[in-house]
Amino acid sequence: MQVLVVGSGGREHALAWKLAQSPLVRKLFVAPGNPGTASIATNVPIRADDLEGLARFAAEQRIELTVVGPELPLALGIVDLFQSRGLRCWGPSRAAARLEASKAEAKEFLRRHNIPTARFRTFSASQDAIAYIRELAGPCVVKADGLAAGKGVTVARHSEQAIEAVIRIMEKHEFGREAGARVVVEEVLRGEEISVFAFCDGHNAVLLDLAQDHKQVFDGDEGPNTGGMGAFSPVPGLVSGPAMDEIVRRILVPTMAGLVHEGRPYVGLLYLGLMITDSGPKVIEYNVRFGDPECQTLLPRLSSDLAEVLLATLEGRLDRIELSWDPRTAVCVTLASGGYPGKFPTGLPISGLAEAEAAGALVFHAGTALKDGQLVTAGGRVLSVVGRGVDLEHARQIAYAGCDAIQFPGKHCRRDIGRRREARRRP
Ligand SMILES: Nc1ncnc2c1ncn2[C@@H]1O[C@H](COP(=O)(O)OP(=O)(O)O)[C@@H](O)[C@H]1O
Ligand SMILES: [Mg+2]
């Protein structure tokens with residue numbers, strides 16, 4: 001079959017890399033892709049949010065399966081558009097993607113279906129939000145309603161910080177007018193934060209192995225949040241069997257049933273952002289796609305044929321699918337541009353990729369470009385360097401050997417990816 005992957009980051013390079021190994025995939029395209037995907041597929045210069053352009057390309061090239069990486073095209077309704085043209089597109093419909101596209105709607109969905117989450121109120125006028133925050137007179141969380149590239153949430157230690165966040169979102173429109181038209185103000189949850197991923201075919205779900213990411217830019221979880229500085233999988237001991245049963249029973253099943261009940265069954269990959277609190281698991285947020293960089297640790301560990309799994313989700317056959325996993329540990333380290341997540345330069349020459357691969361690392365491109373035949377930096381997160389090993393330490397060794405082999409001016413990475421659990425276990 002001919003397959004098109006939509007997107008251009010490390011997650012999409014990993015999706016393309018895994019799909020390229022499937023005997024079902026005869027020809028692979030990535031739109032718009034990056035220099036990494038160009039080495040395993042044909043890049044097509046169509047932006048991920050140009051739905052019309054993508055649909056036209058898919059029809060002309062007789063693409064039989066389109067796989068969507070990022071949230072934006074899903075929120076814009078790429079799946080609905082493709083379906084209306086008789087094209088098969090893997091991911092949730094526009095209506096189901098509202099779970100990520102609107103935090104206010106997601107919270108109302110959670111409330112309607114009695115799914116555990118932080119107590120909250122939503123506001124469409126800044127003065128009302130501010131009055132409520134003053135009334136709370138303590139820590140709270142302020143969230144911009146719409147897509148904000150992971151920057152729209154403030155966990156505020158006190159009212160002044162929360163009020164500042166409301167002003168940035170609703171008055172200064174830092175995330176645009178639409179994303180900032182409403183805010184959610186919610187209670188601060190305490191506990192262990194985890195992400196759970198499931199393939200869903202509308203009615204059935206299959207859980208993936210656990211992965212954990214590192215959001216802060218510096219070692220020891222210091223500094224500002226980023227798109228993700230690294231991840232590792234599996235995460236033994238993170239969630240016990242009974243705790244996972246509770247997550248399935250109280251969160252995953254009612255989420256899928258609630259969406260069916262509302263006429264928007266969920267097809268694709270569902271990402272549950274959870275806090276394991278003293279009173280059980282609670283939903284922090286939903287995402288409607290793979291996490292990046294978690295995806296870069298999960299797909300290299302997935303032994304099953306990804307194309308077959310994706311087809312099963314589209315055809316409602318997930319009840320007959322069991323995923324098999326490579327028992328090795330995978331560690332993904334993000335090589336970032338100096339200055340990221342703040343301002344950073346681009347266009348700087350990158351070298352050492354072949355050496356990194358010779359050291360056993362898998363290298364997925366995230367923010368790279370080709371300039372006169374030279375690979376250069378083109379984003380904040382430049383490369384995802386993945387090591388696979390018999391245990392966490394071995395996987396870390398390979399990933400960091402890869403990181404050390406690669407050079408570009410200002411290169412920055414965290415040195416403690418995968419070490420979080422060990423740090424926590426220390427008394
Ligand atoms: N109610 C909450 N209590 C404690 N921490 C929270 C809460 N809501 C969000 N957070 C923290 O803020 C981060 C970002 O919030 P999230 O809702 O996942 O939005 P996004 O990923 O879109 O930025 C979470 O990963 C979590 O660490
Ligand atoms: Mg999140």
# chains A, B, ... in the order shown; residues from 1 in each chain; ligands from 1
$ residues_around --residues "A:Gly10" --least-positions-apart "6" --cutoff "7 Å" --atoms "only C-alpha atoms" --output "list of chain:residue names"
A:Phe364, A:His365, A:Ala366, A:Leu383, A:Ser384
$ write_last_selection --atoms "C-alpha atoms" --output "PDB file, in the first residue's frame"
ATOM      1  CA  PHE A 364      15.500  10.947  14.321  1.00  0.00           C
ATOM      2  CA  HIS A 365      15.465  14.448  12.858  1.00  0.00           C
ATOM      3  CA  ALA A 366      13.259  17.065  14.511  1.00  0.00           C
ATOM      4  CA  LEU A 383      17.539  15.767  16.832  1.00  0.00           C
ATOM      5  CA  SER A 384      16.136  12.856  18.867  1.00  0.00           C
TER       6      SER A 384
END
$ select_by_dssp --residues "stretch 154-228 of chain A" --states "strand (DSSP E)" --output "PyMOL selection string"
chain A and resi 154-156+183-186+192-202+205-207+212-218+222-228
$ atom_distance --atom1 "atom CA of A:Arg11" --atom2 "atom 11 (C, counted along the ligand's line) of ligand 1"
21.9 Å
$ residues_near_ligand --ligand "ligand 1" --cutoff "7 Å" --atoms "only C-alpha atoms and all ligand atoms" --output "list in words"
Ala118, Val141, Leu147, Ala148, Ala149, Gly150, Lys151, Gly152, Val153, Thr154, Val155, Glu186, Glu187, Val188, Leu189, Arg190, Glu193, Gly273, Ile284 and Glu285 of chain A
$ write_last_selection --atoms "N, CA and C atoms" --output "JSON list (two decimals), in the first residue's frame"
[["chain", "number", "residue", "atom", "x", "y", "z"],
["A", 118, "ALA", "N", -9.22, 17.36, 38.12],
["A", 118, "ALA", "CA", -9.13, 18.46, 39.09],
["A", 118, "ALA", "C", -10.41, 19.30, 39.04],
["A", 141, "VAL", "N", -4.14, 26.39, 39.05],
["A", 141, "VAL", "CA", -3.59, 26.20, 37.71],
["A", 141, "VAL", "C", -4.43, 27.00, 36.73],
["A", 147, "LEU", "N", -5.09, 25.44, 21.60],
["A", 147, "LEU", "CA", -3.75, 24.90, 21.36],
["A", 147, "LEU", "C", -2.72, 26.00, 21.58],
["A", 148, "ALA", "N", -1.71, 25.69, 22.41],
["A", 148, "ALA", "CA", -0.72, 26.70, 22.76],
["A", 148, "ALA", "C", 0.69, 26.12, 22.74],
["A", 149, "ALA", "N", 0.89, 25.06, 21.95],
["A", 149, "ALA", "CA", 2.20, 24.43, 21.80],
["A", 149, "ALA", "C", 2.88, 24.13, 23.14],
["A", 150, "GLY", "N", 2.09, 23.68, 24.10],
["A", 150, "GLY", "CA", 2.64, 23.29, 25.39],
["A", 150, "GLY", "C", 3.06, 24.45, 26.29],
["A", 151, "LYS", "N", 2.62, 25.68, 25.94],
["A", 151, "LYS", "CA", 3.06, 26.83, 26.73],
["A", 151, "LYS", "C", 1.90, 27.54, 27.42],
["A", 152, "GLY", "N", 0.70, 27.01, 27.31],
["A", 152, "GLY", "CA", -0.49, 27.73, 27.77],
["A", 152, "GLY", "C", -0.89, 27.46, 29.21],
["A", 153, "VAL", "N", -0.08, 26.67, 29.94],
["A", 153, "VAL", "CA", -0.47, 26.30, 31.31],
["A", 153, "VAL", "C", 0.49, 26.89, 32.34],
["A", 154, "THR", "N", -0.06, 27.50, 33.38],
["A", 154, "THR", "CA", 0.74, 27.99, 34.50],
["A", 154, "THR", "C", 0.27, 27.32, 35.78],
["A", 155, "VAL", "N", 1.18, 26.61, 36.44],
["A", 155, "VAL", "CA", 0.87, 26.08, 37.77],
["A", 155, "VAL", "C", 1.34, 27.17, 38.73],
["A", 186, "GLU", "N", -8.10, 25.79, 37.67],
["A", 186, "GLU", "CA", -8.38, 24.53, 38.36],
["A", 186, "GLU", "C", -7.49, 24.32, 39.58],
["A", 187, "GLU", "N", -7.89, 23.36, 40.36],
["A", 187, "GLU", "CA", -7.17, 23.00, 41.59],
["A", 187, "GLU", "C", -5.83, 22.36, 41.23],
["A", 188, "VAL", "N", -4.83, 22.53, 42.06],
["A", 188, "VAL", "CA", -3.52, 21.89, 41.87],
["A", 188, "VAL", "C", -3.60, 20.46, 42.39],
["A", 189, "LEU", "N", -3.26, 19.51, 41.52],
["A", 189, "LEU", "CA", -3.22, 18.11, 41.94],
["A", 189, "LEU", "C", -1.81, 17.77, 42.38],
["A", 190, "ARG", "N", -1.72, 16.91, 43.40],
["A", 190, "ARG", "CA", -0.41, 16.48, 43.87],
["A", 190, "ARG", "C", -0.29, 14.98, 43.64],
["A", 193, "GLU", "N", 3.01, 12.22, 38.12],
["A", 193, "GLU", "CA", 2.40, 12.47, 36.81],
["A", 193, "GLU", "C", 2.82, 11.37, 35.84],
["A", 273, "GLY", "N", -3.06, 12.21, 29.93],
["A", 273, "GLY", "CA", -2.13, 12.83, 30.86],
["A", 273, "GLY", "C", -2.76, 12.74, 32.24],
["A", 284, "ILE", "N", -5.30, 15.02, 33.87],
["A", 284, "ILE", "CA", -4.78, 16.37, 33.72],
["A", 284, "ILE", "C", -5.20, 16.92, 32.37],
["A", 285, "GLU", "N", -5.03, 16.10, 31.35],
["A", 285, "GLU", "CA", -5.43, 16.52, 30.00],
["A", 285, "GLU", "C", -5.51, 15.31, 29.09]]
$ residues_around --residues "stretch 217-221 of chain A" --least-positions-apart "4" --cutoff "7 Å" --atoms "only C-alpha atoms" --output "number ranges by chain"
A: 225-226, 229, 414-416
$ residues_around --residues "stretch 106-115 of chain A" --least-positions-apart "6" --cutoff "7 Å" --atoms "only C-alpha atoms" --output "ChimeraX atom specification"
/A:99,250-251,254,258
$ closest_residue --among "A:Gln127, A:Thr346, A:Gln21, A:Asn287" --to "ligand 2" --atoms "only C-alpha atoms and all ligand atoms"
A:Asn287
$ select_by_dssp --residues "stretch 201-371 of chain A" --states "alpha helix (DSSP H)" --output "VMD selection string"
chain A and resid 241 to 247 253 to 261 294 to 298 306 to 314 353 to 358
$ residues_around --residues "stretch 29-43 of chain A" --least-positions-apart "3" --cutoff "7 Å" --atoms "only C-alpha atoms" --output "ChimeraX atom specification"
/A:3-8,13,16-17,46-48,364-365,368-370
$ residues_around --residues "A:Glu178" --least-positions-apart "6" --cutoff "12 Å" --atoms "only C-alpha atoms" --output "PyMOL selection string"
chain A and resi 101-102+124+144-148+169-171
$ write_last_selection --atoms "C-alpha atoms" --output "PDB file, in the first residue's frame"
ATOM      1  CA  ALA A 101      -8.142  21.437  20.960  1.00  0.00           C
ATOM      2  CA  SER A 102     -10.250  22.898  23.787  1.00  0.00           C
ATOM      3  CA  SER A 124     -14.634  33.889  29.112  1.00  0.00           C
ATOM      4  CA  ALA A 144      -5.458  28.790  28.014  1.00  0.00           C
ATOM      5  CA  ASP A 145      -8.387  27.047  26.324  1.00  0.00           C
ATOM      6  CA  GLY A 146      -6.886  26.413  22.893  1.00  0.00           C
ATOM      7  CA  LEU A 147      -3.753  24.902  21.361  1.00  0.00           C
ATOM      8  CA  ALA A 148      -0.718  26.705  22.760  1.00  0.00           C
ATOM      9  CA  ILE A 169      -3.691  34.707  27.968  1.00  0.00           C
ATOM     10  CA  MET A 170      -6.854  36.842  27.813  1.00  0.00           C
ATOM     11  CA  GLU A 171      -5.647  40.443  27.531  1.00  0.00           C
TER      12      GLU A 171
END
$ closest_residue --among "A:Leu299, A:Gly230, A:Asp305, A:Val253" --to "A:Tyr400" --atoms "only C-alpha atoms"
A:Gly230
$ closest_residue --among "A:Glu135, A:Glu64, A:Glu100, A:Glu192" --to "ligand 2" --atoms "only C-alpha atoms and all ligand atoms"
A:Glu100
$ residues_around --residues "stretch 313-322 of chain A" --least-positions-apart "6" --cutoff "12 Å" --atoms "only C-alpha atoms" --output "PyMOL selection string"
chain A and resi 64-67+79+83+87-93+198-209+265-270+302-307
$ write_last_selection --atoms "N, CA and C atoms" --output "mmCIF file, in the first residue's frame"
data_model
loop_
_atom_site.group_PDB
_atom_site.id
_atom_site.type_symbol
_atom_site.label_atom_id
_atom_site.label_comp_id
_atom_site.auth_asym_id
_atom_site.auth_seq_id
_atom_site.Cartn_x
_atom_site.Cartn_y
_atom_site.Cartn_z
ATOM 1 N N GLU A 64 -3.300 5.048 0.171
ATOM 2 C CA GLU A 64 -4.315 4.174 0.785
ATOM 3 C C GLU A 64 -4.406 4.349 2.294
ATOM 4 N N LEU A 65 -3.374 4.971 2.871
ATOM 5 C CA LEU A 65 -3.414 5.229 4.316
ATOM 6 C C LEU A 65 -2.624 6.498 4.605
ATOM 7 N N THR A 66 -3.286 7.458 5.256
ATOM 8 C CA THR A 66 -2.597 8.676 5.698
ATOM 9 C C THR A 66 -2.533 8.645 7.213
ATOM 10 N N VAL A 67 -1.337 8.877 7.752
ATOM 11 C CA VAL A 67 -1.111 8.792 9.202
ATOM 12 C C VAL A 67 -0.740 10.187 9.686
ATOM 13 N N VAL A 79 -9.217 14.376 9.187
ATOM 14 C CA VAL A 79 -9.819 13.051 9.051
ATOM 15 C C VAL A 79 -11.191 13.156 8.385
ATOM 16 N N GLN A 83 -12.208 11.604 4.774
ATOM 17 C CA GLN A 83 -13.334 10.664 4.696
ATOM 18 C C GLN A 83 -14.361 11.124 3.679
ATOM 19 N N LEU A 87 -11.104 8.894 1.286
ATOM 20 C CA LEU A 87 -9.691 8.579 1.573
ATOM 21 C C LEU A 87 -9.562 8.125 3.020
ATOM 22 N N ARG A 88 -8.649 7.164 3.240
ATOM 23 C CA ARG A 88 -8.486 6.622 4.584
ATOM 24 C C ARG A 88 -7.416 7.413 5.341
ATOM 25 N N CYS A 89 -7.800 7.947 6.478
ATOM 26 C CA CYS A 89 -6.888 8.791 7.255
ATOM 27 C C CYS A 89 -6.943 8.351 8.710
ATOM 28 N N TRP A 90 -5.771 8.076 9.281
ATOM 29 C CA TRP A 90 -5.687 7.531 10.633
ATOM 30 C C TRP A 90 -5.562 8.662 11.655
ATOM 31 N N GLY A 91 -6.538 8.720 12.560
ATOM 32 C CA GLY A 91 -6.542 9.732 13.614
ATOM 33 C C GLY A 91 -7.983 10.019 13.988
ATOM 34 N N PRO A 92 -8.195 10.813 15.049
ATOM 35 C CA PRO A 92 -9.561 11.129 15.459
ATOM 36 C C PRO A 92 -10.204 12.184 14.551
ATOM 37 N N SER A 93 -11.516 12.150 14.510
ATOM 38 C CA SER A 93 -12.282 13.164 13.780
ATOM 39 C C SER A 93 -12.101 14.518 14.454
ATOM 40 N N ALA A 198 -3.009 4.753 24.328
ATOM 41 C CA ALA A 198 -3.807 3.616 23.860
ATOM 42 C C ALA A 198 -4.192 3.816 22.406
ATOM 43 N N PHE A 199 -4.062 2.740 21.615
ATOM 44 C CA PHE A 199 -4.676 2.728 20.291
ATOM 45 C C PHE A 199 -6.163 2.482 20.496
ATOM 46 N N CYS A 200 -7.010 3.233 19.791
ATOM 47 C CA CYS A 200 -8.461 3.082 19.954
ATOM 48 C C CYS A 200 -9.102 2.929 18.582
ATOM 49 N N ASP A 201 -10.084 2.031 18.481
ATOM 50 C CA ASP A 201 -10.790 1.872 17.196
ATOM 51 C C ASP A 201 -12.239 2.331 17.293
ATOM 52 N N GLY A 202 -12.527 3.185 18.257
ATOM 53 C CA GLY A 202 -13.899 3.633 18.488
ATOM 54 C C GLY A 202 -14.474 2.911 19.688
ATOM 55 N N HIS A 203 -14.341 1.572 19.694
ATOM 56 C CA HIS A 203 -14.962 0.777 20.757
ATOM 57 C C HIS A 203 -13.956 -0.011 21.582
ATOM 58 N N ASN A 204 -12.880 -0.436 20.940
ATOM 59 C CA ASN A 204 -11.852 -1.206 21.657
ATOM 60 C C ASN A 204 -10.596 -0.371 21.808
ATOM 61 N N ALA A 205 -9.833 -0.679 22.870
ATOM 62 C CA ALA A 205 -8.564 0.025 23.072
ATOM 63 C C ALA A 205 -7.475 -0.986 23.408
ATOM 64 N N VAL A 206 -6.268 -0.701 22.981
ATOM 65 C CA VAL A 206 -5.099 -1.507 23.336
ATOM 66 C C VAL A 206 -4.066 -0.575 23.946
ATOM 67 N N LEU A 207 -3.673 -0.878 25.179
ATOM 68 C CA LEU A 207 -2.683 -0.025 25.846
ATOM 69 C C LEU A 207 -1.296 -0.259 25.282
ATOM 70 N N LEU A 208 -0.513 0.801 25.211
ATOM 71 C CA LEU A 208 0.896 0.679 24.854
ATOM 72 C C LEU A 208 1.715 0.552 26.127
ATOM 73 N N ASP A 209 2.973 0.157 25.984
ATOM 74 C CA ASP A 209 3.874 0.161 27.128
ATOM 75 C C ASP A 209 4.007 1.591 27.646
ATOM 76 N N PRO A 265 -17.084 8.707 18.281
ATOM 77 C CA PRO A 265 -16.195 7.631 18.738
ATOM 78 C C PRO A 265 -14.743 7.946 18.417
ATOM 79 N N TYR A 266 -13.845 7.523 19.311
ATOM 80 C CA TYR A 266 -12.432 7.889 19.185
ATOM 81 C C TYR A 266 -11.652 6.837 18.400
ATOM 82 N N VAL A 267 -11.068 7.267 17.300
ATOM 83 C CA VAL A 267 -10.221 6.397 16.478
ATOM 84 C C VAL A 267 -8.844 7.039 16.375
ATOM 85 N N GLY A 268 -7.821 6.281 16.722
ATOM 86 C CA GLY A 268 -6.466 6.835 16.621
ATOM 87 C C GLY A 268 -5.693 6.503 17.869
ATOM 88 N N LEU A 269 -4.768 7.387 18.230
ATOM 89 C CA LEU A 269 -4.021 7.185 19.455
ATOM 90 C C LEU A 269 -4.508 8.186 20.503
ATOM 91 N N LEU A 270 -4.927 7.668 21.644
ATOM 92 C CA LEU A 270 -5.378 8.536 22.732
ATOM 93 C C LEU A 270 -4.296 8.595 23.791
ATOM 94 N N LEU A 302 8.430 -1.302 19.638
ATOM 95 C CA LEU A 302 7.254 -2.045 19.177
ATOM 96 C C LEU A 302 7.700 -3.094 18.167
ATOM 97 N N SER A 303 7.450 -4.365 18.480
ATOM 98 C CA SER A 303 7.832 -5.416 17.527
ATOM 99 C C SER A 303 6.727 -5.654 16.510
ATOM 100 N N SER A 304 5.477 -5.355 16.868
ATOM 101 C CA SER A 304 4.356 -5.574 15.949
ATOM 102 C C SER A 304 4.500 -4.683 14.719
ATOM 103 N N ASP A 305 3.831 -5.099 13.656
ATOM 104 C CA ASP A 305 3.807 -4.318 12.422
ATOM 105 C C ASP A 305 2.881 -3.109 12.618
ATOM 106 N N LEU A 306 3.461 -1.910 12.610
ATOM 107 C CA LEU A 306 2.659 -0.708 12.889
ATOM 108 C C LEU A 306 1.556 -0.508 11.850
ATOM 109 N N ALA A 307 1.854 -0.773 10.583
ATOM 110 C CA ALA A 307 0.833 -0.562 9.542
ATOM 111 C C ALA A 307 -0.384 -1.444 9.816
#
$ closest_residue --among "A:Val235, A:Ala14, A:Ala330, A:Met275" --to "ligand 2" --atoms "only C-alpha atoms and all ligand atoms"
A:Met275
